[in-house]
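Below is input_23.txt, holding compact mmCIF, C-alpha atoms.
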# COMPACT_ATOMS: atom_id res chain seq x y z
CA MET V 10 22.03 -14.75 16.11
CA PRO V 11 19.25 -13.47 18.41
CA GLY V 12 17.34 -16.22 20.17
CA SER V 13 14.01 -14.99 18.80
CA LEU V 14 15.30 -15.22 15.22
CA ALA V 15 16.75 -18.67 15.77
CA ALA V 16 13.44 -19.83 17.25
CA VAL V 17 11.49 -18.61 14.21
CA LEU V 18 13.92 -20.23 11.78
CA ALA V 19 13.65 -23.50 13.66
CA ALA V 20 9.84 -23.28 13.66
CA ALA V 21 9.97 -22.74 9.89
CA GLY V 22 12.20 -25.78 9.46
CA LEU V 23 15.16 -23.68 8.28
CA PRO V 24 18.84 -23.72 9.32
CA THR V 25 19.58 -21.57 12.33
CA ASP V 26 23.08 -20.60 11.23
CA GLY V 27 24.14 -17.95 8.74
CA HIS V 28 24.33 -14.18 8.89
CA TYR V 29 21.20 -12.04 9.20
CA GLU V 30 21.05 -8.25 9.25
CA ALA V 31 18.48 -6.67 11.55
CA LYS V 32 16.14 -4.14 9.96
CA SER V 33 13.72 -1.82 11.73
CA GLY V 34 10.21 -1.10 10.52
CA TRP V 35 6.92 0.46 11.50
CA VAL V 36 5.15 -2.48 13.11
CA SER V 37 7.49 -5.46 12.98
CA ARG V 38 11.07 -6.55 13.39
CA ALA V 39 12.87 -7.97 10.39
CA TRP V 40 16.06 -9.86 9.67
CA VAL V 41 17.50 -10.14 6.17
CA GLY V 42 19.69 -13.13 5.35
CA SER V 43 21.33 -14.35 2.18
CA SER V 44 18.33 -16.50 1.24
CA TYR V 45 15.47 -15.56 3.55
CA VAL V 46 13.74 -12.57 5.12
CA VAL V 47 12.17 -13.05 8.54
CA ARG V 48 9.54 -10.71 9.98
CA VAL V 49 8.17 -10.91 13.51
CA GLY V 50 5.22 -8.92 14.81
CA ASP V 51 2.89 -9.02 17.78
CA ALA V 52 -0.06 -11.39 18.02
CA ALA V 53 -2.24 -8.94 16.08
CA ALA V 54 0.01 -9.41 13.05
CA ALA V 55 -1.01 -13.06 12.72
CA SER V 56 -4.08 -12.34 10.60
CA ALA V 57 -2.12 -9.91 8.41
CA TYR V 58 0.56 -12.55 7.77
CA GLU V 59 -2.11 -15.15 7.07
CA HIS V 60 -3.73 -12.83 4.56
CA GLU V 61 -0.40 -12.06 2.93
CA ALA V 62 0.38 -15.76 2.58
CA SER V 63 -2.96 -16.39 0.88
CA VAL V 64 -2.43 -13.51 -1.55
CA VAL V 65 1.12 -14.59 -2.40
CA ALA V 66 -0.27 -18.05 -3.17
CA LEU V 67 -2.42 -16.42 -5.87
CA LEU V 68 0.74 -15.08 -7.51
CA ALA V 69 2.42 -18.45 -8.01
CA GLY V 70 3.00 -19.12 -11.70
CA THR V 71 2.14 -15.55 -12.74
CA ASP V 72 4.34 -12.80 -14.15
CA VAL V 73 4.08 -10.77 -10.94
CA PRO V 74 7.54 -10.37 -9.38
CA HIS V 75 7.18 -11.19 -5.70
CA ALA V 76 8.90 -12.80 -2.73
CA ARG V 77 8.07 -16.50 -2.45
CA HIS V 78 6.33 -17.45 0.79
CA ILE V 79 8.31 -19.99 2.84
CA ALA V 80 6.36 -20.33 6.08
CA HIS V 81 4.39 -18.37 8.65
CA GLY V 82 2.98 -19.04 12.07
CA THR V 83 2.69 -17.96 15.69
CA SER V 84 5.02 -18.86 18.54
CA ALA V 85 6.29 -17.44 21.81
CA GLU V 86 8.15 -14.85 19.70
CA GLY V 87 4.84 -13.57 18.29
CA ALA V 88 3.47 -13.85 14.77
CA TRP V 89 6.13 -14.52 12.14
CA TYR V 90 6.47 -14.70 8.37
CA VAL V 91 9.40 -16.03 6.34
CA SER V 92 9.86 -15.24 2.65
CA ALA V 93 12.56 -15.75 0.08
CA ARG V 94 15.00 -12.87 -0.26
CA LEU V 95 14.72 -10.92 -3.49
CA PRO V 96 17.71 -9.44 -5.34
CA GLY V 97 18.53 -5.79 -4.77
CA ARG V 98 17.38 -3.13 -2.34
CA THR V 99 14.16 -1.24 -1.77
CA LEU V 100 13.23 1.51 -4.19
CA HIS V 101 13.51 3.95 -1.27
CA ASP V 102 17.16 3.00 -0.79
CA THR V 103 17.96 2.86 -4.51
CA TRP V 104 16.24 6.04 -5.71
CA PRO V 105 18.48 8.83 -4.33
CA THR V 106 21.60 7.68 -6.19
CA ALA V 107 19.88 6.38 -9.35
CA SER V 108 20.25 8.34 -12.58
CA VAL V 109 17.21 9.78 -14.33
CA ALA V 110 17.42 6.97 -16.90
CA GLU V 111 17.57 4.36 -14.13
CA ARG V 112 14.60 5.93 -12.36
CA ARG V 113 12.55 5.87 -15.53
CA SER V 114 13.49 2.23 -16.11
CA ILE V 115 12.44 1.36 -12.55
CA ILE V 116 9.02 3.00 -12.92
CA HIS V 117 8.49 1.37 -16.33
CA SER V 118 9.26 -1.97 -14.72
CA LEU V 119 6.80 -1.14 -11.94
CA GLY V 120 4.11 -0.50 -14.56
CA ASP V 121 4.73 -3.94 -16.07
CA ALA V 122 4.52 -5.54 -12.62
CA LEU V 123 1.24 -3.76 -11.84
CA ARG V 124 -0.33 -4.79 -15.15
CA ALA V 125 0.52 -8.41 -14.36
CA LEU V 126 -0.82 -8.05 -10.81
CA HIS V 127 -4.13 -6.63 -11.98
CA CYS V 128 -4.61 -9.64 -14.30
CA VAL V 129 -4.37 -12.21 -11.48
CA PRO V 130 -7.77 -13.82 -10.74
CA VAL V 131 -8.97 -12.59 -7.36
CA PRO V 132 -11.65 -13.94 -4.99
CA ASP V 133 -14.72 -11.73 -4.67
CA GLY V 134 -14.52 -9.46 -1.67
CA LEU V 135 -10.86 -10.16 -0.90
CA MET V 136 -9.93 -8.05 2.11
CA PRO V 137 -7.55 -8.44 5.06
CA PRO V 138 -9.40 -9.53 8.23
CA TRP V 139 -8.00 -6.59 10.21
CA LEU V 140 -9.33 -4.14 7.60
CA ARG V 141 -12.73 -5.80 7.68
CA GLY V 142 -12.74 -5.31 11.45
CA ALA V 143 -11.70 -1.67 11.12
CA LEU V 144 -14.47 -1.00 8.61
CA ALA V 145 -16.91 -2.52 11.08
CA GLY V 146 -16.07 0.25 13.54
CA GLY V 147 -12.66 -0.53 14.95
CA SER V 148 -9.81 1.91 15.42
CA TRP V 149 -6.98 2.08 12.89
CA PRO V 150 -3.76 4.05 13.28
CA ALA V 151 -2.62 4.29 9.67
CA TYR V 152 -3.49 4.56 6.00
CA HIS V 153 -5.48 1.73 4.44
CA PRO V 154 -6.54 1.25 0.79
CA PRO V 155 -9.93 2.60 -0.30
CA VAL V 156 -12.89 0.23 -0.36
CA VAL V 157 -15.45 1.95 -2.55
CA GLY V 158 -18.51 0.12 -1.29
CA VAL V 159 -18.28 1.38 2.29
CA ALA V 160 -17.82 5.07 1.50
CA MET V 161 -21.25 6.14 2.75
CA ALA V 162 -20.66 4.28 6.01
CA LEU V 163 -17.50 6.34 6.44
CA VAL V 164 -19.54 9.50 5.93
CA GLU V 165 -21.76 8.34 8.79
CA ASP V 166 -18.70 7.56 10.94
CA ALA V 167 -17.30 11.02 10.21
CA ALA V 168 -20.60 12.57 11.24
CA ALA V 169 -20.52 10.62 14.49
CA ALA V 170 -16.99 11.95 15.07
CA GLY V 171 -18.18 15.53 14.66
CA LEU V 172 -18.02 16.24 10.94
CA SER V 173 -21.61 16.47 9.76
CA SER V 174 -22.23 17.91 6.33
CA ARG V 175 -25.01 17.38 3.83
CA LEU V 176 -22.59 18.62 1.19
CA LEU V 177 -20.16 15.83 2.09
CA ALA V 178 -22.82 13.12 1.79
CA SER V 179 -23.99 14.58 -1.50
CA TRP V 180 -20.43 14.73 -2.85
CA VAL V 181 -19.73 11.09 -2.00
CA SER V 182 -23.05 9.73 -3.28
CA SER V 183 -22.73 11.66 -6.55
CA HIS V 184 -19.33 10.04 -7.20
CA LEU V 185 -20.33 6.42 -6.51
CA PRO V 186 -21.77 5.83 -10.02
CA LEU V 187 -18.28 6.44 -11.44
CA PHE V 188 -17.31 2.95 -10.25
CA ASP V 189 -20.31 0.91 -11.38
CA ALA V 190 -18.89 -0.34 -14.67
CA TYR V 191 -15.46 -1.45 -13.52
CA PRO V 192 -14.52 -4.92 -12.24
CA HIS V 193 -12.53 -5.49 -9.10
CA VAL V 194 -8.99 -6.79 -9.52
CA LEU V 195 -6.15 -7.73 -7.20
CA VAL V 196 -4.74 -4.46 -5.82
CA HIS V 197 -1.60 -4.38 -3.67
CA GLY V 198 -2.98 -1.41 -1.76
CA ASP V 199 0.22 -0.11 -0.16
CA LEU V 200 2.78 0.49 -2.91
CA HIS V 201 5.47 3.00 -2.03
CA GLY V 202 9.26 3.07 -1.89
CA SER V 203 9.67 0.58 0.95
CA ASN V 204 7.46 -2.10 -0.63
CA ILE V 205 9.16 -2.29 -4.02
CA MET V 206 12.43 -4.18 -4.49
CA VAL V 207 14.78 -3.00 -7.21
CA ASP V 208 17.97 -4.30 -8.79
CA ASP V 209 19.88 -3.06 -11.84
CA GLY V 210 17.16 -0.63 -12.88
CA ARG V 211 14.22 -3.02 -12.69
CA VAL V 212 11.66 -4.15 -10.13
CA THR V 213 12.55 -7.57 -8.75
CA GLY V 214 9.50 -7.84 -6.53
CA LEU V 215 6.48 -6.26 -4.88
CA ILE V 216 6.52 -7.06 -1.16
CA ASP V 217 4.18 -6.83 1.85
CA PHE V 218 0.77 -7.86 0.55
CA ALA V 219 -0.86 -7.52 3.98
CA GLU V 220 -3.21 -4.79 2.65
CA ALA V 221 -4.12 -6.43 -0.67
CA VAL V 222 -7.79 -6.04 -1.62
CA ALA V 223 -10.15 -6.65 -4.50
CA GLN V 224 -10.97 -3.18 -5.82
CA PRO V 225 -10.91 -1.19 -9.09
CA ALA V 226 -7.39 -1.18 -10.56
CA ASP V 227 -6.90 2.57 -10.24
CA VAL V 228 -7.18 2.30 -6.44
CA GLU V 229 -3.50 1.41 -6.83
CA LEU V 230 -2.85 4.96 -7.97
CA ASP V 231 -4.12 6.42 -4.71
CA THR V 232 -1.15 5.20 -2.69
CA ILE V 233 1.42 5.62 -5.46
CA LEU V 234 0.47 9.21 -6.30
CA ARG V 235 0.02 10.09 -2.62
CA TRP V 236 3.54 8.78 -1.97
CA CYS V 237 4.96 10.74 -4.91
CA ALA V 238 3.24 13.97 -3.81
CA ARG V 239 3.85 13.64 -0.06
CA PRO V 240 6.78 11.23 0.42
CA GLU V 241 7.43 12.66 3.86
CA GLU V 242 4.38 10.66 4.98
CA PHE V 243 6.02 7.39 3.82
CA PRO V 244 9.42 7.08 5.53
CA PRO V 245 10.66 3.49 5.92
CA THR V 246 10.75 3.86 9.71
CA PRO V 247 9.13 6.32 12.13
CA THR V 248 12.48 8.03 12.77
CA SER V 249 13.67 8.30 9.15
CA ARG V 250 12.81 10.61 6.28
CA GLY V 251 10.90 10.07 3.06
CA LEU V 252 12.30 10.68 -0.41
CA ASP V 253 12.57 14.11 -2.00
CA ALA V 254 9.24 15.03 -3.60
CA ALA V 255 10.88 16.83 -6.52
CA SER V 256 12.77 13.69 -7.49
CA LEU V 257 9.50 11.74 -7.64
CA ALA V 258 7.66 14.34 -9.73
CA PRO V 259 8.30 12.57 -13.08
CA ALA V 260 7.15 9.19 -11.76
CA ARG V 261 3.50 9.64 -12.71
CA GLY V 262 4.37 10.37 -16.33
CA TRP V 263 6.74 7.42 -16.51
CA LEU V 264 4.15 5.09 -15.00
CA GLU V 265 1.56 6.27 -17.53
CA GLU V 266 4.02 5.55 -20.34
CA ALA V 267 4.38 1.96 -19.14
CA TYR V 268 0.77 1.27 -18.09
CA PRO V 269 -1.44 3.74 -19.98
CA GLU V 270 -4.66 1.79 -19.48
CA LEU V 271 -4.42 2.39 -15.72
CA PHE V 272 -4.81 6.11 -16.45
CA ALA V 273 -7.39 5.75 -19.22
CA ARG V 274 -10.52 5.55 -17.05
CA PRO V 275 -13.09 8.24 -17.81
CA SER V 276 -13.30 10.82 -15.03
CA LEU V 277 -9.97 9.66 -13.58
CA ALA V 278 -9.45 12.95 -11.75
CA ALA V 279 -12.83 12.62 -10.04
CA ARG V 280 -12.11 8.98 -9.17
CA LEU V 281 -8.76 9.87 -7.65
CA ALA V 282 -10.37 12.68 -5.67
CA PHE V 283 -12.90 10.14 -4.35
CA TYR V 284 -10.15 7.75 -3.26
CA ASP V 285 -8.26 10.57 -1.60
CA LEU V 286 -11.36 11.71 0.28
CA TRP V 287 -12.08 8.09 1.30
CA VAL V 288 -8.70 7.86 3.02
CA GLU V 289 -9.19 11.16 4.83
CA LEU V 290 -12.68 10.09 5.97
CA ALA V 291 -11.26 6.84 7.31
CA ILE V 292 -8.56 8.69 9.20
CA PHE V 293 -10.96 11.30 10.56
CA GLY V 294 -13.48 8.73 11.71
CA HIS V 295 -11.12 6.12 13.15
CA HIS V 296 -7.59 7.36 13.80
CA PRO V 297 -6.75 7.42 17.53
CA ASP V 298 -4.64 10.61 17.40
CA ALA V 299 -6.48 13.94 17.49
CA PRO V 300 -3.80 15.94 15.58
CA VAL V 301 -3.89 13.43 12.72
CA ARG V 302 -7.70 13.60 12.63
CA ALA V 303 -7.50 17.41 12.52
CA VAL V 304 -5.32 17.33 9.40
CA ALA V 305 -7.73 14.88 7.77
CA GLU V 306 -10.66 17.17 8.58
CA GLN V 307 -8.92 20.10 6.91
CA ARG V 308 -8.34 18.06 3.77
CA ILE V 309 -11.96 16.86 3.69
CA VAL V 310 -13.33 20.37 4.04
CA ARG V 311 -10.92 21.65 1.38
CA THR V 312 -12.03 18.94 -1.09
CA ILE V 313 -15.76 19.46 -0.78
CA THR V 314 -15.45 23.26 -0.58
CA ARG V 315 -13.46 23.31 -3.78
CA ALA V 316 -16.11 21.14 -5.45
CA ALA V 317 -18.86 23.52 -4.37
CA ARG V 318 -17.31 26.55 -6.10
Structure translated into structure tokens:
Amino acid sequence: MPGSLAAVLAAAGLPTDGHYEAKSGWVSRAWVGSSYVVRVGDAAAASAYEHEASVVALLAGTDVPHARHIAHGTSAEGAWYVSARLPGRTLHDTWPTASVAERRSIIHSLGDALRALHCVPVPDGLMPPWLRGALAGGSWPAYHPPVVGVAMALVEDAAAAGLSSRLLASWVSSHLPLFDAYPHVLVHGDLHGSNIMVDDGRVTGLIDFAEAVAQPADVELDTILRWCARPEEFPPTPTSRGLDAASLAPARGWLEEAYPELFARPSLAARLAFYDLWVELAIFGHHPDAPVRAVAEQRIVRTITRAAR
């Protein structure tokens, strides 16, 4: 057992024996044991783990399948988080060999889990501290869930980064009234194949609540549908590949079968376009890599140009 893993287990008050399998990820190291999953990140991960622990506490006693929080903290190893191990494997690992019937069952189960999640009482303004800092002007290197109320500030940030367009500001402001009548609920904010655990054709848990926010329920669709359409952008590790897009094509229809009210919002297409543009604005205004910003700019221009026709 690596010394860093043993140190975290000891800090969590857990036995330091047993077999753990090392898993790679995007921003943290992970070890999966028979009963526990241990994640270790750098010092910056501490606030994300703290936020995740507070969100998971909201799920206790609900019908939301999730990994029970065991302990979290900071030590010489960095920030760490220990959770109970859930049955099964990630959806990403399960999907390629699952039958069509099994895939449909998985997505139906996901719809049930999301309905339960969106019924959990949520504190007003719930947002991870790191996301709050990013929205205040910090740099962010990855996708983050849309926060409707700061959209016009992102337009200003985009203008400061070189994308100035009266048409863009008009497009965003004209869409904001679409969200006035809808309450904010608990949204996972980062649901894709690596953050959904599956066993025997059903979802056993939603994991990694570090990006959970209080937003309209259909914000959840932004990540899910983006993942289904462009799974190559959601590999489980930087050096691996995403799922086959064609295999995910039926997922939207299956999810709508299980959770039709999530798709029943008036002007859903316009709302989804708004969420999609929000993400591209955030990337264009704040991502540190110029090639990534260039792709985001192309998508922004394409969206507002199409709307102007």
Exercise: Ser33 in chain V partners within 9 Å, all atoms listed in the file, chain neighbours under 4 positions left out, as an mmCIF file with C-alpha atoms, in the frame of the given file:
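That gives us out-v8.cif:
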data_model
loop_
_atom_site.group_PDB
_atom_site.id
_atom_site.type_symbol
_atom_site.label_atom_id
_atom_site.label_comp_id
_atom_site.auth_asym_id
_atom_site.auth_seq_id
_atom_site.Cartn_x
_atom_site.Cartn_y
_atom_site.Cartn_z
ATOM 1 C CA SER V 37 7.490 -5.460 12.980
ATOM 2 C CA ARG V 38 11.070 -6.550 13.390
ATOM 3 C CA ALA V 39 12.870 -7.970 10.390
ATOM 4 C CA TRP V 40 16.060 -9.860 9.670
ATOM 5 C CA PRO V 245 10.660 3.490 5.920
ATOM 6 C CA THR V 246 10.750 3.860 9.710
#
> With all atoms listed in the file as the atoms that count, which of V:Ala57, V:Ala167, V:Leu14, V:Val181 lies nearest to Gly146 in chain V?
Replying inline: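 Closest to Gly146 in chain V of all the choices is V:Ala167.
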>> If we count all atoms listed in the file and set the cut-off at 7 Å, which residues sit around Glu220 in chain V, ignoring sequence neighbours fewer than 6 positions away in its own chain? Please answer as an NGL selection string.
In response: :V and (137 or 197-199)
Shell of 6 Å around Glu61 in chain V, only C-alpha atoms, local chain residues under 3 positions omitted, as a PDB file with C-alpha atoms, keeping the file's coordinate frame:
ATOM      1  CA  TYR V  58       0.560 -12.550   7.770  1.00  0.00           C
ATOM      2  CA  VAL V  64      -2.430 -13.510  -1.550  1.00  0.00           C
ATOM      3  CA  PHE V 218       0.770  -7.860   0.550  1.00  0.00           C
ATOM      4  CA  ALA V 219      -0.860  -7.520   3.980  1.00  0.00           C
TER       5      ALA V 219
END
> Skipping near chain neighbours, those fewer than 4 positions away, what residues fall within 10 Å of range 89-99 of chain V using all atoms listed in the file, listed as a PyMOL selection string?
Replying inline: chain V and resi 14+17-18+20-21+23+37-52+54-55+57-59+61-62+74-84+103-104+201-216+245
> Which of these residues is nearest to Leu286 in chain V, using all atoms listed in the file: V:Ala169, V:Ala160, V:Arg274, V:Ala69?
Replying inline: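 Checking each of V:Ala169, V:Ala160, V:Arg274, V:Ala69 against Leu286 in chain V, counting all atoms listed in the file, the winner is V:Ala160.
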> Which neighbours of Asp253 in chain V fall inside 10 Å, counting all atoms listed in the file, when residues of the same chain fewer than 2 positions from it are skipped, and could you give them as a ChimeraX atom specification?
Replying inline: /V:104-105,237-241,250-251,255-258
> What does the distance between CA of Thr232 in chain V and CA of Leu123 in chain V come to in Å, to one decimal place?
Replying inline: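 Between CA of Thr232 in chain V and CA of Leu123 in chain V the gap works out to 13.0 Å.
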Mind completing range 60-86 of chain V with N, CA, C and O atoms? Output as an mmCIF file, keeping the file's coordinate frame, please?
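The result, written out as result24.cif:
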data_model
loop_
_atom_site.group_PDB
_atom_site.id
_atom_site.type_symbol
_atom_site.label_atom_id
_atom_site.label_comp_id
_atom_site.auth_asym_id
_atom_site.auth_seq_id
_atom_site.Cartn_x
_atom_site.Cartn_y
_atom_site.Cartn_z
ATOM 1 N N HIS V 60 -3.180 -13.426 5.773
ATOM 2 C CA HIS V 60 -3.730 -12.830 4.560
ATOM 3 C C HIS V 60 -2.647 -12.691 3.497
ATOM 4 O O HIS V 60 -2.874 -13.025 2.321
ATOM 5 N N GLU V 61 -1.486 -12.218 3.893
ATOM 6 C CA GLU V 61 -0.400 -12.060 2.930
ATOM 7 C C GLU V 61 -0.026 -13.393 2.303
ATOM 8 O O GLU V 61 0.187 -13.485 1.088
ATOM 9 N N ALA V 62 0.043 -14.438 3.108
ATOM 10 C CA ALA V 62 0.380 -15.760 2.580
ATOM 11 C C ALA V 62 -0.646 -16.225 1.550
ATOM 12 O O ALA V 62 -0.293 -16.802 0.509
ATOM 13 N N SER V 63 -1.917 -15.956 1.813
ATOM 14 C CA SER V 63 -2.960 -16.390 0.880
ATOM 15 C C SER V 63 -2.901 -15.602 -0.421
ATOM 16 O O SER V 63 -3.154 -16.147 -1.506
ATOM 17 N N VAL V 64 -2.543 -14.324 -0.339
ATOM 18 C CA VAL V 64 -2.430 -13.510 -1.550
ATOM 19 C C VAL V 64 -1.213 -13.936 -2.367
ATOM 20 O O VAL V 64 -1.287 -14.075 -3.594
ATOM 21 N N VAL V 65 -0.086 -14.162 -1.692
ATOM 22 C CA VAL V 65 1.120 -14.590 -2.400
ATOM 23 C C VAL V 65 0.878 -15.921 -3.099
ATOM 24 O O VAL V 65 1.412 -16.161 -4.197
ATOM 25 N N ALA V 66 0.055 -16.785 -2.514
ATOM 26 C CA ALA V 66 -0.270 -18.050 -3.170
ATOM 27 C C ALA V 66 -0.973 -17.817 -4.506
ATOM 28 O O ALA V 66 -0.806 -18.614 -5.450
ATOM 29 N N LEU V 67 -1.746 -16.746 -4.608
ATOM 30 C CA LEU V 67 -2.420 -16.420 -5.870
ATOM 31 C C LEU V 67 -1.426 -16.031 -6.952
ATOM 32 O O LEU V 67 -1.729 -16.123 -8.144
ATOM 33 N N LEU V 68 -0.238 -15.592 -6.555
ATOM 34 C CA LEU V 68 0.740 -15.080 -7.510
ATOM 35 C C LEU V 68 1.630 -16.170 -8.097
ATOM 36 O O LEU V 68 2.359 -15.928 -9.060
ATOM 37 N N ALA V 69 1.570 -17.363 -7.525
ATOM 38 C CA ALA V 69 2.420 -18.450 -8.010
ATOM 39 C C ALA V 69 2.118 -18.742 -9.484
ATOM 40 O O ALA V 69 0.957 -18.867 -9.875
ATOM 41 N N GLY V 70 3.163 -18.826 -10.283
ATOM 42 C CA GLY V 70 3.000 -19.120 -11.700
ATOM 43 C C GLY V 70 2.586 -17.949 -12.552
ATOM 44 O O GLY V 70 2.359 -18.113 -13.753
ATOM 45 N N THR V 71 2.499 -16.751 -11.974
ATOM 46 C CA THR V 71 2.140 -15.550 -12.740
ATOM 47 C C THR V 71 3.399 -14.766 -13.083
ATOM 48 O O THR V 71 4.507 -15.118 -12.673
ATOM 49 N N ASP V 72 3.211 -13.673 -13.803
ATOM 50 C CA ASP V 72 4.340 -12.800 -14.150
ATOM 51 C C ASP V 72 4.577 -11.711 -13.112
ATOM 52 O O ASP V 72 5.372 -10.800 -13.356
ATOM 53 N N VAL V 73 3.905 -11.794 -11.984
ATOM 54 C CA VAL V 73 4.080 -10.770 -10.940
ATOM 55 C C VAL V 73 5.358 -11.065 -10.164
ATOM 56 O O VAL V 73 5.484 -12.124 -9.539
ATOM 57 N N PRO V 74 6.332 -10.147 -10.191
ATOM 58 C CA PRO V 74 7.540 -10.370 -9.380
ATOM 59 C C PRO V 74 7.196 -10.221 -7.900
ATOM 60 O O PRO V 74 6.600 -9.223 -7.483
ATOM 61 N N HIS V 75 7.552 -11.210 -7.113
ATOM 62 C CA HIS V 75 7.180 -11.190 -5.700
ATOM 63 C C HIS V 75 8.122 -12.100 -4.916
ATOM 64 O O HIS V 75 8.856 -12.913 -5.497
ATOM 65 N N ALA V 76 8.086 -11.971 -3.614
ATOM 66 C CA ALA V 76 8.900 -12.800 -2.730
ATOM 67 C C ALA V 76 8.128 -14.079 -2.392
ATOM 68 O O ALA V 76 7.011 -14.025 -1.866
ATOM 69 N N ARG V 77 8.724 -15.212 -2.697
ATOM 70 C CA ARG V 77 8.070 -16.500 -2.450
ATOM 71 C C ARG V 77 7.846 -16.705 -0.950
ATOM 72 O O ARG V 77 8.721 -16.443 -0.135
ATOM 73 N N HIS V 78 6.647 -17.147 -0.604
ATOM 74 C CA HIS V 78 6.330 -17.450 0.790
ATOM 75 C C HIS V 78 6.989 -18.769 1.184
ATOM 76 O O HIS V 78 6.901 -19.765 0.474
ATOM 77 N N ILE V 79 7.664 -18.776 2.335
ATOM 78 C CA ILE V 79 8.310 -19.990 2.840
ATOM 79 C C ILE V 79 7.476 -20.614 3.956
ATOM 80 O O ILE V 79 7.127 -21.792 3.907
ATOM 81 N N ALA V 80 7.147 -19.822 4.958
ATOM 82 C CA ALA V 80 6.360 -20.330 6.080
ATOM 83 C C ALA V 80 5.878 -19.150 6.910
ATOM 84 O O ALA V 80 6.437 -18.052 6.847
ATOM 85 N N HIS V 81 4.832 -19.379 7.693
ATOM 86 C CA HIS V 81 4.390 -18.370 8.650
ATOM 87 C C HIS V 81 3.718 -19.094 9.810
ATOM 88 O O HIS V 81 3.331 -20.258 9.694
ATOM 89 N N GLY V 82 3.597 -18.412 10.920
ATOM 90 C CA GLY V 82 2.980 -19.040 12.070
ATOM 91 C C GLY V 82 3.004 -18.119 13.274
ATOM 92 O O GLY V 82 3.311 -16.928 13.177
ATOM 93 N N THR V 83 2.691 -18.689 14.422
ATOM 94 C CA THR V 83 2.690 -17.960 15.690
ATOM 95 C C THR V 83 3.415 -18.799 16.722
ATOM 96 O O THR V 83 3.211 -20.013 16.804
ATOM 97 N N SER V 84 4.272 -18.169 17.502
ATOM 98 C CA SER V 84 5.020 -18.860 18.540
ATOM 99 C C SER V 84 5.186 -17.914 19.720
ATOM 100 O O SER V 84 4.581 -16.833 19.764
ATOM 101 N N ALA V 85 6.046 -18.298 20.650
ATOM 102 C CA ALA V 85 6.290 -17.440 21.810
ATOM 103 C C ALA V 85 6.898 -16.111 21.398
ATOM 104 O O ALA V 85 6.784 -15.112 22.108
ATOM 105 N N GLU V 86 7.533 -16.074 20.204
ATOM 106 C CA GLU V 86 8.150 -14.850 19.700
ATOM 107 C C GLU V 86 7.107 -13.873 19.162
ATOM 108 O O GLU V 86 7.400 -12.705 18.945
#
